[in-house]
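S.K.: Take a look at target.txt, compact mmCIF, C-alpha atoms:
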```txt
# COMPACT_ATOMS: atom_id res chain seq x y z
CA MET A 150 13.54 23.25 -16.27
CA LYS A 151 17.21 23.57 -17.16
CA ASN A 152 17.36 27.06 -15.62
CA PHE A 153 16.36 25.74 -12.19
CA LYS A 154 19.47 23.88 -11.11
CA ASP A 155 18.06 23.17 -7.64
CA PHE A 156 14.98 21.56 -9.16
CA SER A 157 16.59 19.33 -11.80
CA GLU A 158 14.60 16.42 -10.41
CA LEU A 159 11.44 17.89 -11.92
CA GLY A 160 12.93 17.65 -15.41
CA LEU A 161 13.81 14.01 -14.78
CA ALA A 162 10.31 13.40 -13.45
CA ALA A 163 8.77 14.92 -16.57
CA ALA A 164 10.99 12.77 -18.79
CA LEU A 165 10.03 9.63 -16.86
CA LEU A 166 6.38 10.49 -17.06
CA GLU A 167 6.58 10.86 -20.85
CA LYS A 168 7.91 7.28 -21.03
CA LEU A 169 5.08 5.79 -18.96
CA ASP A 170 3.23 3.14 -20.87
CA LYS A 171 -0.37 2.26 -20.08
CA PRO A 172 -0.87 -1.52 -19.68
CA ASN A 173 -4.24 -3.16 -19.24
CA ALA A 174 -5.96 -2.51 -15.93
CA GLN A 175 -4.78 -4.72 -13.09
CA SER A 176 -6.12 -5.34 -9.64
CA ALA A 177 -4.07 -4.12 -6.70
CA GLN A 178 -1.01 -6.25 -6.14
CA ILE A 179 1.54 -6.73 -3.39
CA ASP A 180 5.18 -7.04 -4.37
CA PRO A 181 6.20 -10.64 -3.48
CA GLY A 182 9.68 -9.37 -2.60
CA ALA A 183 8.18 -7.16 0.08
CA LEU A 184 6.42 -10.17 1.57
CA SER A 185 9.48 -12.42 1.55
CA ALA A 186 11.69 -9.63 2.91
CA GLY A 187 9.48 -9.45 6.00
CA LYS A 188 8.18 -5.96 5.26
CA ILE A 189 4.66 -7.30 5.38
CA GLU A 190 4.44 -10.00 8.03
CA TYR A 191 0.80 -10.85 8.45
CA GLU A 192 -1.20 -12.68 5.80
CA ASN A 193 -4.22 -10.43 6.19
CA ARG A 194 -2.15 -7.32 5.48
CA GLU A 195 -2.13 -8.17 1.80
CA ASN A 196 -5.93 -8.27 1.79
CA GLU A 197 -6.18 -5.06 3.78
CA ILE A 198 -3.81 -3.04 1.60
CA THR A 199 -5.41 -4.46 -1.55
CA ALA A 200 -8.84 -3.34 -0.30
CA ILE A 201 -7.51 0.16 0.44
CA LEU A 202 -5.87 0.53 -2.97
CA ASP A 203 -8.87 -0.92 -4.79
CA GLU A 204 -11.12 1.58 -3.01
CA LEU A 205 -8.83 4.45 -3.94
CA CYS A 206 -8.84 3.41 -7.60
CA GLY A 207 -12.46 2.30 -7.73
CA PHE A 208 -14.59 4.54 -5.56
CA HIS A 209 -12.35 7.61 -5.77
CA GLU A 210 -11.59 7.01 -9.46
CA PHE A 211 -7.81 7.38 -9.23
CA SER A 212 -5.98 6.11 -12.33
CA SER A 213 -3.05 4.53 -10.48
CA VAL A 214 -1.91 4.22 -6.88
CA ILE A 215 1.48 2.97 -5.73
CA ILE A 216 3.00 2.77 -2.26
CA THR A 217 6.78 2.70 -2.21
CA ASP A 218 9.64 2.90 0.23
CA ALA A 219 11.72 6.10 0.29
CA GLN A 220 13.86 4.85 -2.62
CA GLY A 221 10.84 4.23 -4.85
CA LEU A 222 10.77 0.43 -4.53
CA PRO A 223 7.14 -0.71 -4.81
CA ILE A 224 5.50 -2.15 -1.70
CA ALA A 225 1.97 -2.32 -3.10
CA PHE A 226 0.24 -0.98 -6.16
CA SER A 227 -2.98 -0.78 -8.05
CA SER A 228 -1.89 0.03 -11.54
CA GLY A 229 -4.86 0.54 -13.77
CA ALA A 230 -3.22 3.13 -15.98
CA TYR A 231 0.55 3.14 -15.54
CA ASN A 232 3.44 0.71 -15.26
CA PRO A 233 4.35 0.27 -11.55
CA GLU A 234 8.11 0.25 -12.20
CA MET A 235 7.90 3.63 -13.91
CA LEU A 236 5.67 4.99 -11.13
CA GLY A 237 8.22 3.76 -8.60
CA ALA A 238 11.01 5.57 -10.47
CA LEU A 239 8.92 8.72 -10.64
CA THR A 240 8.16 8.40 -6.93
CA SER A 241 11.87 8.21 -6.17
CA VAL A 242 12.57 11.37 -8.16
CA LEU A 243 9.69 13.32 -6.63
CA ASN A 244 10.61 12.17 -3.12
CA GLU A 245 14.07 13.64 -3.67
CA THR A 246 12.41 16.81 -4.98
CA LEU A 247 10.42 17.06 -1.75
CA SER A 248 13.62 16.68 0.25
CA SER A 249 15.34 19.38 -1.83
CA CYS A 250 12.40 21.74 -1.38
CA GLY A 251 12.41 21.09 2.35
CA ARG A 252 16.12 21.92 2.57
CA LEU A 253 15.71 25.10 0.52
CA ILE A 254 12.89 26.46 2.66
CA GLU A 255 14.34 25.00 5.85
CA ASN A 256 11.27 22.90 6.58
CA SER A 257 11.86 19.17 6.89
CA GLU A 258 8.13 18.45 7.06
CA VAL A 259 7.42 19.11 3.36
CA CYS A 260 5.43 16.03 2.38
CA TYR A 261 3.24 16.69 -0.67
CA ILE A 262 3.88 17.57 -4.30
CA SER A 263 1.53 17.59 -7.25
CA PHE A 264 2.00 18.43 -10.92
CA ASP A 265 -0.01 18.32 -14.11
CA THR A 266 0.98 15.48 -16.40
CA ASN A 267 -1.17 16.82 -19.23
CA ILE A 268 -4.24 18.97 -19.67
CA LEU A 269 -6.52 16.39 -18.01
CA GLU A 270 -4.40 14.50 -15.47
CA LYS A 271 -2.10 15.12 -12.55
CA ALA A 272 0.32 13.11 -10.44
CA CYS A 273 0.48 13.57 -6.66
CA LEU A 274 3.06 12.29 -4.21
CA TYR A 275 2.57 12.18 -0.45
CA ARG A 276 5.46 11.18 1.83
CA PHE A 277 4.60 9.83 5.28
CA SER A 278 6.41 8.24 8.19
CA LEU A 279 5.88 4.64 9.22
CA GLU A 280 8.15 4.03 12.21
CA LYS A 281 10.91 6.09 13.78
CA GLU A 282 12.96 7.08 10.73
CA THR A 283 11.23 4.92 8.12
CA THR A 284 9.30 6.75 5.43
CA ALA A 285 7.07 5.60 2.63
CA CYS A 286 5.45 7.37 -0.28
CA ILE A 287 2.13 7.08 -2.02
CA MET A 288 1.87 8.22 -5.63
CA ILE A 289 -1.53 8.80 -7.18
CA THR A 290 -2.37 9.65 -10.77
CA THR A 291 -5.84 11.01 -11.38
CA SER A 292 -7.86 13.61 -13.23
CA GLN A 293 -7.13 17.21 -12.32
CA ASP A 294 -10.55 17.78 -10.77
CA LYS A 295 -9.97 15.23 -7.96
CA ASP A 296 -9.11 16.44 -4.45
CA VAL A 297 -6.32 14.03 -3.58
CA ARG A 298 -5.22 15.62 -0.31
CA SER A 299 -8.56 15.26 1.44
CA VAL A 300 -8.85 11.61 0.37
CA LEU A 301 -5.30 10.88 1.55
CA GLU A 302 -6.04 12.38 4.95
CA ILE A 303 -8.76 9.77 5.35
CA PHE A 304 -6.73 6.81 4.10
CA ILE A 305 -3.17 7.52 5.25
CA ASN A 306 -3.69 6.33 8.84
CA ASN A 307 -5.17 3.05 7.59
CA ILE A 308 -2.26 2.60 5.18
CA ARG A 309 0.23 3.32 7.97
CA ARG A 310 -1.56 0.88 10.30
CA VAL A 311 -1.46 -1.92 7.74
CA LEU A 312 2.18 -1.37 6.74
CA THR A 313 3.45 -1.20 10.33
CA GLY A 314 1.24 -4.04 11.60
CA VAL A 315 -0.14 -1.95 14.45
CA ARG A 316 -3.54 -3.28 15.50
CA GLU A 317 -6.10 -1.04 17.14
```
Output the file's structure as structure tokens, nothing else.

M.R.:
Amino acid sequence: MKNFKDFSELGLAAALLEKLDKPNAQSAQIDPGALSAGKIEYENRENEITAILDELCGFHEFSSVIITDAQGLPIAFSSGAYNPEMLGALTSVLNETLSSCGRLIENSEVCYISFDTNILEKACLYRFSLEKETTACIMITTSQDKDVRSVLEIFINNIRRVLTGVRE
């Protein structure tokens, strides 16, 4: 990685991933700071986002799922395999990598990156817009045989709806 000066974030991401510890499985949780900061205004949003994350981890067998703001601060997570703070840090690094890639290829709509964490698992980051210029990220860790992109296409609109409070 040291030879790729424009992609130094990948080296940092790999180093962070090596430090990830695996706590006991937890149910999906909402960051209380996000609630008190007004990012999530309605009481039922917590239940909705928890249900979405639990389904992603349960039915789709993802190891960990975290939703963060653009800086990697956790909004909601279901952390069955990895520490949410470390996933948030990794999300921040990979989000910057996406931005760097977009600048290099002159395409600001680059929104997905995936890499193998070991021979069996991978980490995937998807960046999406919430409102005007507000972006969020969802990081998923799972086995390499899972098709993350197709699952995200199904769930991303529901996640966006819950986070923005838009009711259908």

S.K.: Find the residues around stretch 220-222 of chain A up to 10 Å (only C-alpha atoms counted), leave out those fewer than 2 positions away in its own chain, and share them as a PyMOL selection string.

M.R.: chain A and resi 180+183+215-218+224-225+233-245+284-288

S.K.: Using only C-alpha atoms, can you tell me which of A:Gln293, A:Asn193, A:Ser299, A:Ser212 comes closest to A:Tyr275?

M.R.: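 Going through A:Gln293, A:Asn193, A:Ser299, A:Ser212 one by one, the smallest distance to A:Tyr275 is for A:Ser299.
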
S.K.: Here is a test: counting only C-alpha atoms, which residue of A:Ile254, A:Ile308, A:Leu202, A:Val214 is nearest to A:Ala272?

M.R.: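 Distance minimum relative to A:Ala272 lands on A:Val214.
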
S.K.: Can you tell me how far atom CA of A:Tyr261 sits from atom CA of A:Ser248, in Å to one decimal?

M.R.: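 According to the coordinates, atom CA of A:Tyr261 and atom CA of A:Ser248 are separated by 10.4 Å.
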
S.K.: If I take atom CA of A:Leu301 and atom CA of A:Ala230, how far is one from the other in Å, to one decimal?

M.R.: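 Computing it gives 19.3 Å between the two atoms.
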
S.K.: Take atom CA of A:Thr246 and atom CA of A:Glu258 and report the distance between them in Å, one decimal.

M.R.: 12.9 Å

S.K.: With only C-alpha atoms as the basis for distance, which of A:Ser263, A:Asn307, A:Ser213, A:Thr291 is at the shortest distance from A:Ala200?

M.R.: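 Closest candidate: A:Asn307.
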
S.K.: Mind checking which residues fall within 12 Å of A:Glu204, counting all atoms listed in the file, ignoring those fewer than 3 positions away in the same chain, and posting them as a list in words?

M.R.: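 So, after excluding close chain neighbours, the residues are Ser176, Ala177, Glu197, Ile198, Thr199, Ala200, Ile201, Gly207, Phe208, His209, Glu210, Phe211, Ser212, Ser213, Val214, Ser227, Val300, Leu301, Ile303 and Phe304 of chain A.
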
S.K.: My list of candidates is A:Ile268, A:Cys206, A:Leu253, A:Cys273. Which is closest to A:Thr290 when distances are computed with all atoms listed in the file?

M.R.: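 Of A:Ile268, A:Cys206, A:Leu253, A:Cys273, the one nearest A:Thr290, counting all atoms listed in the file, is A:Cys273.
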
S.K.: With only C-alpha atoms as the basis for distance, which of A:Gly314, A:Pro223, A:Arg276, A:Thr266 is at the shortest distance from A:Glu302?

M.R.: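 Checking each candidate against A:Glu302, we get A:Arg276 as the closest.
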
S.K.: Would you mind listing what lies within 6 Å of A:Arg309 as a JSON list (two decimals) with C-alpha atoms, in the frame of the given file, with all atoms listed in the file counted and same-chain residues fewer than 3 positions away left out?

M.R.:
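Output file around09.json follows:
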```json
[["chain", "number", "residue", "atom", "x", "y", "z"],
["A", 279, "LEU", "CA", 5.88, 4.64, 9.22],
["A", 306, "ASN", "CA", -3.69, 6.33, 8.84],
["A", 312, "LEU", "CA", 2.18, -1.37, 6.74]]
```
